[in-house]
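Dropping upload_6.txt in here (compact mmCIF, C-alpha atoms):
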```txt
# COMPACT_ATOMS: atom_id res chain seq x y z
CA MET A 29 -24.97 -15.94 -9.38
CA ASP A 30 -25.92 -14.13 -6.14
CA GLN A 31 -26.83 -10.46 -5.81
CA GLU A 32 -23.37 -9.43 -4.56
CA GLN A 33 -21.68 -11.00 -7.58
CA GLN A 34 -24.16 -9.32 -9.93
CA ARG A 35 -23.70 -5.93 -8.31
CA PRO A 36 -20.14 -6.00 -7.00
CA GLU A 37 -19.97 -2.24 -6.52
CA ARG A 38 -22.34 -2.50 -3.53
CA GLY A 39 -20.38 -4.88 -1.32
CA GLN A 40 -17.17 -5.19 -3.33
CA PRO A 41 -16.01 -1.73 -4.38
CA LEU A 42 -12.61 -3.12 -5.43
CA ALA A 43 -14.01 -5.72 -7.85
CA GLY A 44 -12.08 -5.53 -11.11
CA PHE A 45 -8.98 -3.98 -9.53
CA THR A 46 -5.58 -5.56 -8.78
CA VAL A 47 -3.69 -4.40 -5.68
CA GLY A 48 -0.05 -5.12 -4.84
CA VAL A 49 0.98 -5.80 -1.23
CA THR A 50 4.60 -5.22 -0.17
CA ALA A 51 4.14 -6.05 3.53
CA ALA A 52 5.88 -8.90 5.29
CA ARG A 53 4.09 -8.64 8.64
CA ARG A 54 0.26 -8.79 8.61
CA ALA A 55 0.26 -9.33 4.83
CA ASP A 56 -2.38 -12.07 5.18
CA GLU A 57 -4.65 -9.74 7.13
CA LEU A 58 -4.29 -6.94 4.59
CA GLY A 59 -4.76 -9.37 1.67
CA ALA A 60 -7.94 -10.77 3.24
CA LEU A 61 -9.39 -7.27 3.75
CA LEU A 62 -8.71 -6.42 0.10
CA GLN A 63 -10.08 -9.70 -1.27
CA ARG A 64 -13.23 -9.34 0.84
CA ARG A 65 -13.86 -6.10 -1.03
CA GLY A 66 -13.38 -7.77 -4.40
CA ALA A 67 -9.73 -7.00 -5.24
CA VAL A 68 -7.27 -9.39 -6.83
CA VAL A 69 -4.15 -9.32 -4.62
CA VAL A 70 -0.53 -9.76 -5.75
CA HIS A 71 1.81 -10.26 -2.77
CA GLY A 72 5.55 -9.68 -2.97
CA PRO A 73 7.08 -9.07 0.48
CA ALA A 74 9.76 -6.41 -0.02
CA LEU A 75 11.55 -7.38 3.21
CA ARG A 76 11.52 -9.75 6.16
CA ILE A 77 11.55 -9.03 9.86
CA VAL A 78 14.29 -10.67 11.92
CA PRO A 79 13.73 -10.82 15.70
CA LEU A 80 16.77 -9.73 17.72
CA ALA A 81 16.41 -12.18 20.59
CA ASP A 82 20.00 -13.29 19.96
CA ASP A 83 21.23 -9.85 18.97
CA GLY A 84 23.82 -8.02 21.01
CA GLU A 85 22.27 -4.59 20.33
CA LEU A 86 18.97 -5.37 22.03
CA LEU A 87 20.70 -7.17 24.92
CA ALA A 88 23.05 -4.22 25.46
CA ALA A 89 20.17 -1.70 25.41
CA THR A 90 18.16 -3.83 27.86
CA LYS A 91 21.11 -4.10 30.28
CA GLU A 92 21.75 -0.37 30.05
CA ILE A 93 18.13 0.40 30.97
CA ILE A 94 18.27 -2.03 33.91
CA ASP A 95 21.63 -0.64 35.13
CA ARG A 96 20.67 3.02 34.72
CA ALA A 97 17.01 3.86 34.50
CA PRO A 98 15.91 6.31 31.80
CA ASP A 99 13.53 9.15 32.61
CA VAL A 100 11.17 8.30 29.77
CA VAL A 101 10.46 5.16 27.72
CA VAL A 102 8.51 5.50 24.44
CA ALA A 103 6.78 2.28 23.30
CA THR A 104 5.93 2.49 19.58
CA THR A 105 4.36 -0.88 18.60
CA ALA A 106 2.57 -3.66 20.44
CA ILE A 107 4.45 -6.48 18.70
CA GLY A 108 7.76 -4.72 19.31
CA PHE A 109 7.07 -4.11 22.99
CA ARG A 110 5.95 -7.71 23.53
CA GLY A 111 8.99 -8.97 21.62
CA TRP A 112 11.29 -6.91 23.85
CA VAL A 113 9.76 -8.23 27.09
CA GLU A 114 9.85 -11.82 25.76
CA ALA A 115 13.49 -11.50 24.70
CA ALA A 116 14.42 -10.08 28.12
CA ASP A 117 12.58 -12.98 29.75
CA GLY A 118 14.60 -15.43 27.66
CA TRP A 119 17.84 -13.85 28.89
CA GLY A 120 16.66 -13.95 32.51
CA PHE A 121 16.19 -10.17 32.65
CA GLY A 122 12.37 -10.07 32.38
CA GLU A 123 11.59 -9.05 35.96
CA PRO A 124 14.46 -6.54 36.31
CA LEU A 125 13.34 -4.87 33.05
CA LEU A 126 9.67 -4.68 34.12
CA GLY A 127 10.80 -3.35 37.51
CA ARG A 128 12.68 -0.54 35.81
CA LEU A 129 9.77 0.27 33.48
CA ARG A 130 7.42 0.61 36.48
CA GLY A 131 9.47 3.54 37.73
CA VAL A 132 9.72 5.61 34.54
CA GLU A 133 7.45 7.87 32.48
CA LEU A 134 6.06 5.31 30.02
CA LEU A 135 4.47 6.71 26.84
CA ALA A 136 2.44 4.55 24.42
CA ARG A 137 2.04 5.58 20.77
CA GLY A 138 -1.48 4.14 20.44
CA PRO A 139 -4.14 1.77 21.84
CA LYS A 140 -2.52 -1.47 20.66
CA VAL A 141 0.80 -0.77 22.36
CA LYS A 142 -1.14 0.50 25.39
CA GLY A 143 -2.78 -2.95 25.55
CA ALA A 144 0.63 -4.66 25.36
CA ILE A 145 1.95 -2.46 28.17
CA ARG A 146 -0.99 -3.32 30.42
CA ALA A 147 -0.74 -7.02 29.54
CA ALA A 148 2.81 -6.88 30.93
CA GLY A 149 1.46 -5.55 34.22
CA LEU A 150 2.55 -1.96 33.57
CA THR A 151 0.63 1.31 33.20
CA GLU A 152 1.34 3.95 30.61
CA GLU A 153 1.43 7.58 31.73
CA TRP A 154 0.03 8.94 28.46
CA SER A 155 -0.99 7.97 24.94
CA PRO A 156 -1.98 10.31 22.05
CA SER A 157 -5.47 10.03 20.58
CA SER A 158 -3.96 10.51 17.10
CA GLU A 159 -1.60 7.47 17.38
CA SER A 160 1.00 9.83 15.92
CA MET A 161 4.69 9.89 16.79
CA ALA A 162 4.59 13.61 15.97
CA GLU A 163 2.21 14.15 18.90
CA VAL A 164 4.47 12.09 21.19
CA LEU A 165 7.40 14.26 20.10
CA ASP A 166 5.43 17.46 20.71
CA ARG A 167 4.58 16.35 24.26
CA LEU A 168 8.19 15.50 25.07
CA LEU A 169 9.48 18.79 23.67
CA GLU A 170 6.82 20.74 25.59
CA GLU A 171 7.82 18.94 28.81
CA GLY A 172 11.45 19.70 28.09
CA VAL A 173 13.98 16.94 27.54
CA GLU A 174 17.28 18.70 28.12
CA GLY A 175 19.49 16.49 30.29
CA ARG A 176 16.90 13.68 30.35
CA ARG A 177 17.43 10.08 29.18
CA VAL A 178 14.78 8.90 26.72
CA ALA A 179 14.62 5.26 25.61
CA VAL A 180 12.75 4.70 22.32
CA GLN A 181 11.58 1.20 21.39
CA LEU A 182 12.08 0.85 17.64
CA HIS A 183 10.36 -1.67 15.40
CA GLY A 184 12.50 -2.03 12.34
CA GLU A 185 12.12 1.63 11.37
CA PRO A 186 14.65 4.31 12.40
CA LEU A 187 11.88 6.91 13.08
CA PRO A 188 13.55 9.61 10.98
CA GLY A 189 13.43 13.02 12.62
CA PHE A 190 12.10 11.77 15.98
CA VAL A 191 15.40 10.75 17.54
CA GLU A 192 17.26 13.67 15.95
CA ALA A 193 14.73 16.20 17.30
CA LEU A 194 15.07 14.84 20.84
CA ARG A 195 18.87 14.97 20.67
CA ALA A 196 18.77 18.51 19.26
CA ALA A 197 16.63 19.49 22.28
CA GLY A 198 19.31 18.16 24.64
CA ALA A 199 18.05 14.66 25.41
CA GLU A 200 20.24 11.57 25.72
CA VAL A 201 18.43 9.09 23.47
CA LEU A 202 18.80 5.33 23.85
CA PRO A 203 17.33 3.42 20.85
CA VAL A 204 15.97 -0.04 21.69
CA PRO A 205 16.04 -2.01 18.37
CA VAL A 206 13.63 -4.93 18.80
CA TYR A 207 13.56 -6.09 15.17
CA ARG A 208 15.71 -5.64 12.12
CA TRP A 209 14.53 -5.38 8.51
CA MET A 210 16.35 -7.59 6.02
CA PRO A 211 15.88 -8.23 2.29
CA PRO A 212 13.52 -11.15 1.54
CA GLU A 213 15.16 -14.59 1.42
CA ASP A 214 13.27 -15.35 -1.82
CA ILE A 215 13.52 -12.36 -4.18
CA GLY A 216 11.16 -13.97 -6.75
CA PRO A 217 7.82 -12.67 -5.39
CA VAL A 218 9.03 -9.07 -5.09
CA ASP A 219 10.43 -9.21 -8.64
CA ARG A 220 7.07 -10.49 -9.90
CA LEU A 221 5.35 -7.66 -8.04
CA LEU A 222 7.72 -5.15 -9.66
CA ASP A 223 7.10 -6.64 -13.11
CA ALA A 224 3.33 -6.45 -12.55
CA ALA A 225 3.62 -2.76 -11.63
CA LEU A 226 5.81 -1.95 -14.64
CA THR A 227 3.44 -3.63 -17.09
CA ARG A 228 0.44 -1.82 -15.54
CA GLY A 229 -0.82 -5.14 -14.19
CA LEU A 230 -1.50 -3.40 -10.87
CA ASP A 231 -3.93 -0.58 -10.14
CA ALA A 232 -2.45 0.23 -6.73
CA LEU A 233 0.60 -0.64 -4.64
CA THR A 234 0.32 -0.65 -0.83
CA PHE A 235 3.07 0.09 1.69
CA THR A 236 2.79 -0.44 5.45
CA SER A 237 6.38 0.44 6.45
CA ALA A 238 9.08 2.82 5.27
CA PRO A 239 11.67 0.01 4.97
CA ALA A 240 9.34 -1.90 2.60
CA ALA A 241 9.03 1.17 0.38
CA ALA A 242 12.80 1.75 0.48
CA SER A 243 13.48 -1.93 -0.22
CA LEU A 244 11.22 -2.00 -3.29
CA LEU A 245 12.88 1.13 -4.69
CA SER A 246 16.30 -0.39 -3.99
CA ARG A 247 15.40 -3.64 -5.78
CA ALA A 248 14.11 -1.67 -8.78
CA GLU A 249 17.40 0.25 -8.85
CA GLU A 250 19.41 -3.00 -8.72
CA ARG A 251 17.50 -4.20 -11.78
CA GLY A 252 17.95 -0.90 -13.62
CA LEU A 253 14.21 -0.24 -13.46
CA LEU A 254 13.97 2.60 -10.93
CA GLY A 255 13.11 5.29 -13.49
CA GLU A 256 10.36 3.12 -14.96
CA LEU A 257 8.94 2.32 -11.52
CA LEU A 258 8.85 5.99 -10.50
CA ASP A 259 7.11 6.79 -13.80
CA VAL A 260 4.32 4.23 -13.29
CA LEU A 261 3.86 5.37 -9.68
CA HIS A 262 3.42 8.92 -11.02
CA HIS A 263 0.99 8.06 -13.80
CA ALA A 264 -0.53 4.58 -13.70
CA VAL A 265 -0.24 2.71 -10.37
CA LEU A 266 -1.66 4.39 -7.24
CA PRO A 267 0.84 4.30 -4.31
CA VAL A 268 -1.03 4.00 -0.99
CA CYS A 269 0.86 4.28 2.32
CA VAL A 270 -0.41 3.59 5.82
CA GLY A 271 1.03 6.89 7.08
CA PRO A 272 3.49 9.75 6.50
CA VAL A 273 6.56 7.96 7.92
CA THR A 274 5.93 5.02 5.56
CA ALA A 275 5.61 7.45 2.63
CA LEU A 276 8.98 9.19 3.19
CA PRO A 277 11.17 6.99 0.89
CA LEU A 278 8.67 7.54 -1.95
CA GLU A 279 8.12 11.23 -1.36
CA VAL A 280 11.84 12.05 -1.35
CA ARG A 281 11.81 10.57 -4.88
CA GLY A 282 9.00 12.94 -5.84
CA VAL A 283 6.19 10.34 -5.69
CA ALA A 284 2.94 11.71 -4.25
CA THR A 285 1.14 9.11 -2.13
CA VAL A 286 -2.37 8.61 -0.77
CA GLN A 287 -2.75 7.99 2.97
CA PRO A 288 -5.65 7.35 5.39
CA GLU A 289 -6.34 9.75 8.24
CA ARG A 290 -5.82 6.93 10.77
CA PHE A 291 -2.66 4.88 10.33
CA ARG A 292 -4.26 1.42 10.31
CA LEU A 293 -4.91 -1.34 7.77
CA GLY A 294 -8.70 -0.89 7.82
CA PRO A 295 -8.59 2.83 6.95
CA LEU A 296 -5.91 2.09 4.31
CA VAL A 297 -8.32 -0.34 2.60
CA GLN A 298 -11.13 2.22 2.87
CA VAL A 299 -8.96 4.80 1.08
CA LEU A 300 -8.47 2.28 -1.75
CA CYS A 301 -12.23 1.65 -1.85
CA GLN A 302 -12.77 5.38 -2.44
CA GLU A 303 -9.82 6.17 -4.71
CA LEU A 304 -9.79 3.32 -7.24
CA PRO A 305 -13.50 3.37 -8.23
CA GLY A 306 -13.26 7.18 -8.33
CA ARG A 307 -10.48 6.93 -10.94
CA ALA A 308 -12.28 4.39 -13.15
CA ARG A 309 -13.62 5.65 -16.50
CA ALA A 310 -17.42 5.44 -16.77
CA LEU A 311 -19.09 5.98 -20.16
CA PRO A 312 -22.67 5.77 -21.55
CA ILE A 313 -22.33 3.31 -24.44
CA ALA A 314 -25.13 1.79 -26.54
CA GLY A 315 -27.66 2.39 -23.79
CA HIS A 316 -25.46 0.84 -21.10
CA ARG A 317 -23.28 2.27 -18.34
CA VAL A 318 -19.78 0.92 -18.88
CA GLU A 319 -17.10 1.40 -16.21
CA ILE A 320 -13.55 0.45 -17.18
CA ARG A 321 -11.56 -0.92 -14.24
CA GLY A 322 -8.11 -2.50 -13.97
CA HIS A 323 -8.69 -6.05 -15.24
CA ALA A 324 -12.46 -6.04 -15.69
CA VAL A 325 -15.41 -3.96 -16.85
CA LEU A 326 -18.70 -3.21 -15.12
CA VAL A 327 -21.57 -3.25 -17.61
CA ASP A 328 -24.67 -1.91 -15.86
CA GLY A 329 -23.11 -2.97 -12.57
CA GLU A 330 -22.28 -6.53 -13.65
CA LEU A 331 -18.61 -7.51 -13.48
CA LYS A 332 -17.17 -8.75 -16.79
CA PRO A 333 -13.59 -10.08 -16.53
CA VAL A 334 -11.64 -9.15 -19.66
CA PRO A 335 -8.33 -10.62 -20.96
CA PRO A 336 -5.30 -8.25 -20.82
CA ALA A 337 -5.28 -7.77 -24.62
CA GLY A 338 -8.95 -6.81 -24.55
CA MET A 339 -8.36 -4.31 -21.74
CA SER A 340 -5.58 -2.73 -23.82
CA LEU A 341 -7.95 -2.30 -26.76
CA LEU A 342 -10.75 -0.95 -24.58
CA ARG A 343 -8.46 1.64 -22.98
CA ALA A 344 -7.25 2.75 -26.41
CA LEU A 345 -10.85 3.18 -27.59
CA SER A 346 -11.91 4.99 -24.40
CA ARG A 347 -9.18 7.62 -24.70
CA ARG A 348 -11.30 9.15 -27.51
CA PRO A 349 -14.84 7.93 -26.83
CA GLY A 350 -16.94 7.68 -29.96
CA TRP A 351 -14.04 8.37 -32.31
CA VAL A 352 -12.82 5.80 -34.81
CA VAL A 353 -9.48 4.29 -33.82
CA ALA A 354 -7.52 2.72 -36.68
CA ARG A 355 -6.43 -0.92 -36.58
CA ALA A 356 -2.77 0.15 -36.80
CA GLU A 357 -3.13 2.26 -33.66
CA LEU A 358 -4.95 -0.53 -31.83
CA LEU A 359 -2.18 -2.93 -32.88
CA ARG A 360 0.37 -0.66 -31.20
CA ALA A 361 -1.73 -0.79 -28.02
CA LEU A 362 -1.60 -4.60 -27.91
CA PRO A 363 1.29 -5.94 -25.81
CA GLY A 364 3.72 -7.94 -27.98
CA ALA A 365 1.33 -8.14 -30.93
CA GLY A 366 3.92 -7.67 -33.68
CA ARG A 367 2.81 -6.35 -37.09
CA ASP A 368 -0.15 -8.55 -37.99
CA GLU A 369 -3.40 -6.57 -37.79
CA HIS A 370 -5.24 -9.89 -37.59
CA ALA A 371 -4.19 -9.88 -33.92
CA VAL A 372 -6.49 -6.87 -33.42
CA GLU A 373 -9.45 -8.73 -34.91
CA THR A 374 -8.79 -11.77 -32.71
CA ALA A 375 -8.44 -9.69 -29.54
CA MET A 376 -11.52 -7.63 -30.46
CA ALA A 377 -13.63 -10.76 -30.91
CA ARG A 378 -12.56 -11.99 -27.47
CA LEU A 379 -13.26 -8.57 -25.97
CA ARG A 380 -16.79 -8.50 -27.36
CA THR A 381 -17.41 -12.02 -26.04
CA ALA A 382 -16.12 -11.05 -22.60
CA LEU A 383 -18.32 -7.94 -22.47
CA GLY A 384 -21.38 -10.01 -23.41
CA THR A 385 -22.85 -7.04 -25.29
CA PRO A 386 -21.32 -6.98 -28.81
CA LYS A 387 -22.98 -3.67 -29.81
CA LEU A 388 -20.83 -1.72 -27.35
CA ILE A 389 -18.04 -1.64 -29.96
CA GLN A 390 -18.80 -0.83 -33.58
CA THR A 391 -16.74 -1.90 -36.57
CA VAL A 392 -16.19 0.92 -39.08
CA VAL A 393 -15.42 -0.78 -42.41
CA LYS A 394 -11.88 -0.16 -43.72
CA ARG A 395 -11.22 2.34 -40.92
CA GLY A 396 -11.18 0.62 -37.53
CA TYR A 397 -13.38 0.48 -34.43
CA ARG A 398 -15.21 2.89 -32.17
CA LEU A 399 -17.17 2.81 -28.91
CA ALA A 400 -20.90 3.18 -29.64
CA LEU A 401 -21.20 6.28 -27.47
CA ASP A 402 -24.77 7.34 -26.73
CA PRO A 403 -25.91 10.29 -28.90
CA ALA A 404 -26.53 12.47 -25.84
CA ALA A 405 -22.88 12.06 -24.85
CA ASP A 406 -21.43 12.77 -28.31
CA ALA A 407 -21.25 16.51 -27.79
CA LYS A 408 -19.37 16.14 -24.52
CA TYR A 409 -16.60 14.14 -26.20
CA ALA A 410 -16.72 15.80 -29.63
CA ASP A 411 -13.45 17.65 -29.11
CA GLY A 412 -11.65 14.49 -28.03
```
Is it possible to express this structure as structure tokens?
Amino acid sequence: MDQEQQRPERGQPLAGFTVGVTAARRADELGALLQRRGAVVVHGPALRIVPLADDGELLAATKEIIDRAPDVVVATTAIGFRGWVEAADGWGFGEPLLGRLRGVELLARGPKVKGAIRAAGLTEEWSPSSESMAEVLDRLLEEGVEGRRVAVQLHGEPLPGFVEALRAAGAEVLPVPVYRWMPPEDIGPVDRLLDAALTRGLDALTFTSAPAAASLLSRAEERGLLGELLDVLHHAVLPVCVGPVTALPLEVRGVATVQPERFRLGPLVQVLCQELPGRARALPIAGHRVEIRGHAVLVDGELKPVPPAGMSLLRALSRRPGWVVARAELLRALPGAGRDEHAVETAMARLRTALGTPKLIQTVVKRGYRLALDPAADAKYADG
């Protein structure tokens, strides 16, 4: 075993945690970033992205821009902007479209879309350092948009509030829908992701687009599980969104989310690396430092994978560290254990084996089990 495996907290802060990924686009990239930091990843794409190369909406918007130039064009995503230019090329309108875009005020939401604009031989007039659509909106409103035509390149998301604010300020807004979100063709993976969340098999659930969040909520509602999903997102599974627009469908349901300061995959993973270990329970037990994570335990920094039944027992014991927990109560904590208290003994034996340090958990004859909390810590937890 190498040093990183022995001490996963140094290079793998997510070791022992399970993270759900709802993304369709760039899911592999996000999954790889999470796995590199030690997480187990469960992927269930909550939607799919359908290019509109054959769609009448995009063709009509492209022709309208060519026939009557807008004053401003807002490019929101690199993949969306490239997809638009490629679709126009396929229809034979590539050069006329680029010609029109050379003569307008072209705004880029961030550096990636700025790169796509320049790769097409165009130059943006301005791009916000924050990569925020709110800053783009502020600039347009400060300039004044009354009587001006503003084309906004969408990428699956309706940009709630952005278009409405421009129209309220007197602009004529032309949406350019480059992609459309659709439900996944195979609903199985997203159902498995939902089931994992509802059974607390996930420690966090990530969202990289508002439609993915809305789609997952919609699927839970179809299955009659929306109330349960909202409850676990409130109390057990950490919802992490790439930015405030992505978080909207969750927040209107009263779910508080965690977001990075920069709306990118890397910062999203960094937020998880801070939040999940910070929420793990760490206890001084039998002379060891024991940290209880999602599907594993760190004993003095060494990762010990633990079966689900064992994790259930350990969580029940850690709710009242050092106190005796009766077998009947531990039986209730075991998923699907029935009424036979022998199931507790079997699961406890496996838990002790997995931890590799049997003295961490003491058997109290005829009463139950307790964590062997260090004497110095007893006073801290004496009141439960």
Exercise: region 235-237 of chain A partners within 12 Å, all atoms listed in the file, chain neighbours under 5 positions left out, as a PyMOL selection string | chain A and resi 47-55+58+71-77+183-187+209+242-245+266-278+285-288+291-297
What separation in Å, quoted to one decimal, exists between CA of Pro98 (chain A) and CA of Val178 (chain A)?
->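 According to the coordinates, CA of Pro98 (chain A) and CA of Val178 (chain A) are separated by 5.8 Å.
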For CA of Gly175 (chain A) and CA of Thr151 (chain A), determine how far apart the two atoms are, in Å to one decimal place.
-> 24.4 Å
Of the residues A:Gly255, A:Pro335, A:Gly84, A:Pro305, which is the one nearest to Arg321 (chain A), using only C-alpha atoms?
->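 So, comparing all the options, the nearest one is A:Pro305.
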For Arg195 (chain A): contacts at 10 Å, only C-alpha atoms, fewer than 6 positions along chain excluded, given as a ChimeraX atom specification = /A:173-178,189,201
CA of Leu304 (chain A) and CA of Pro403 (chain A), how far apart in Å?
->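 We find that CA of Pro403 (chain A) and CA of Leu304 (chain A) lie 27.9 Å from each other.
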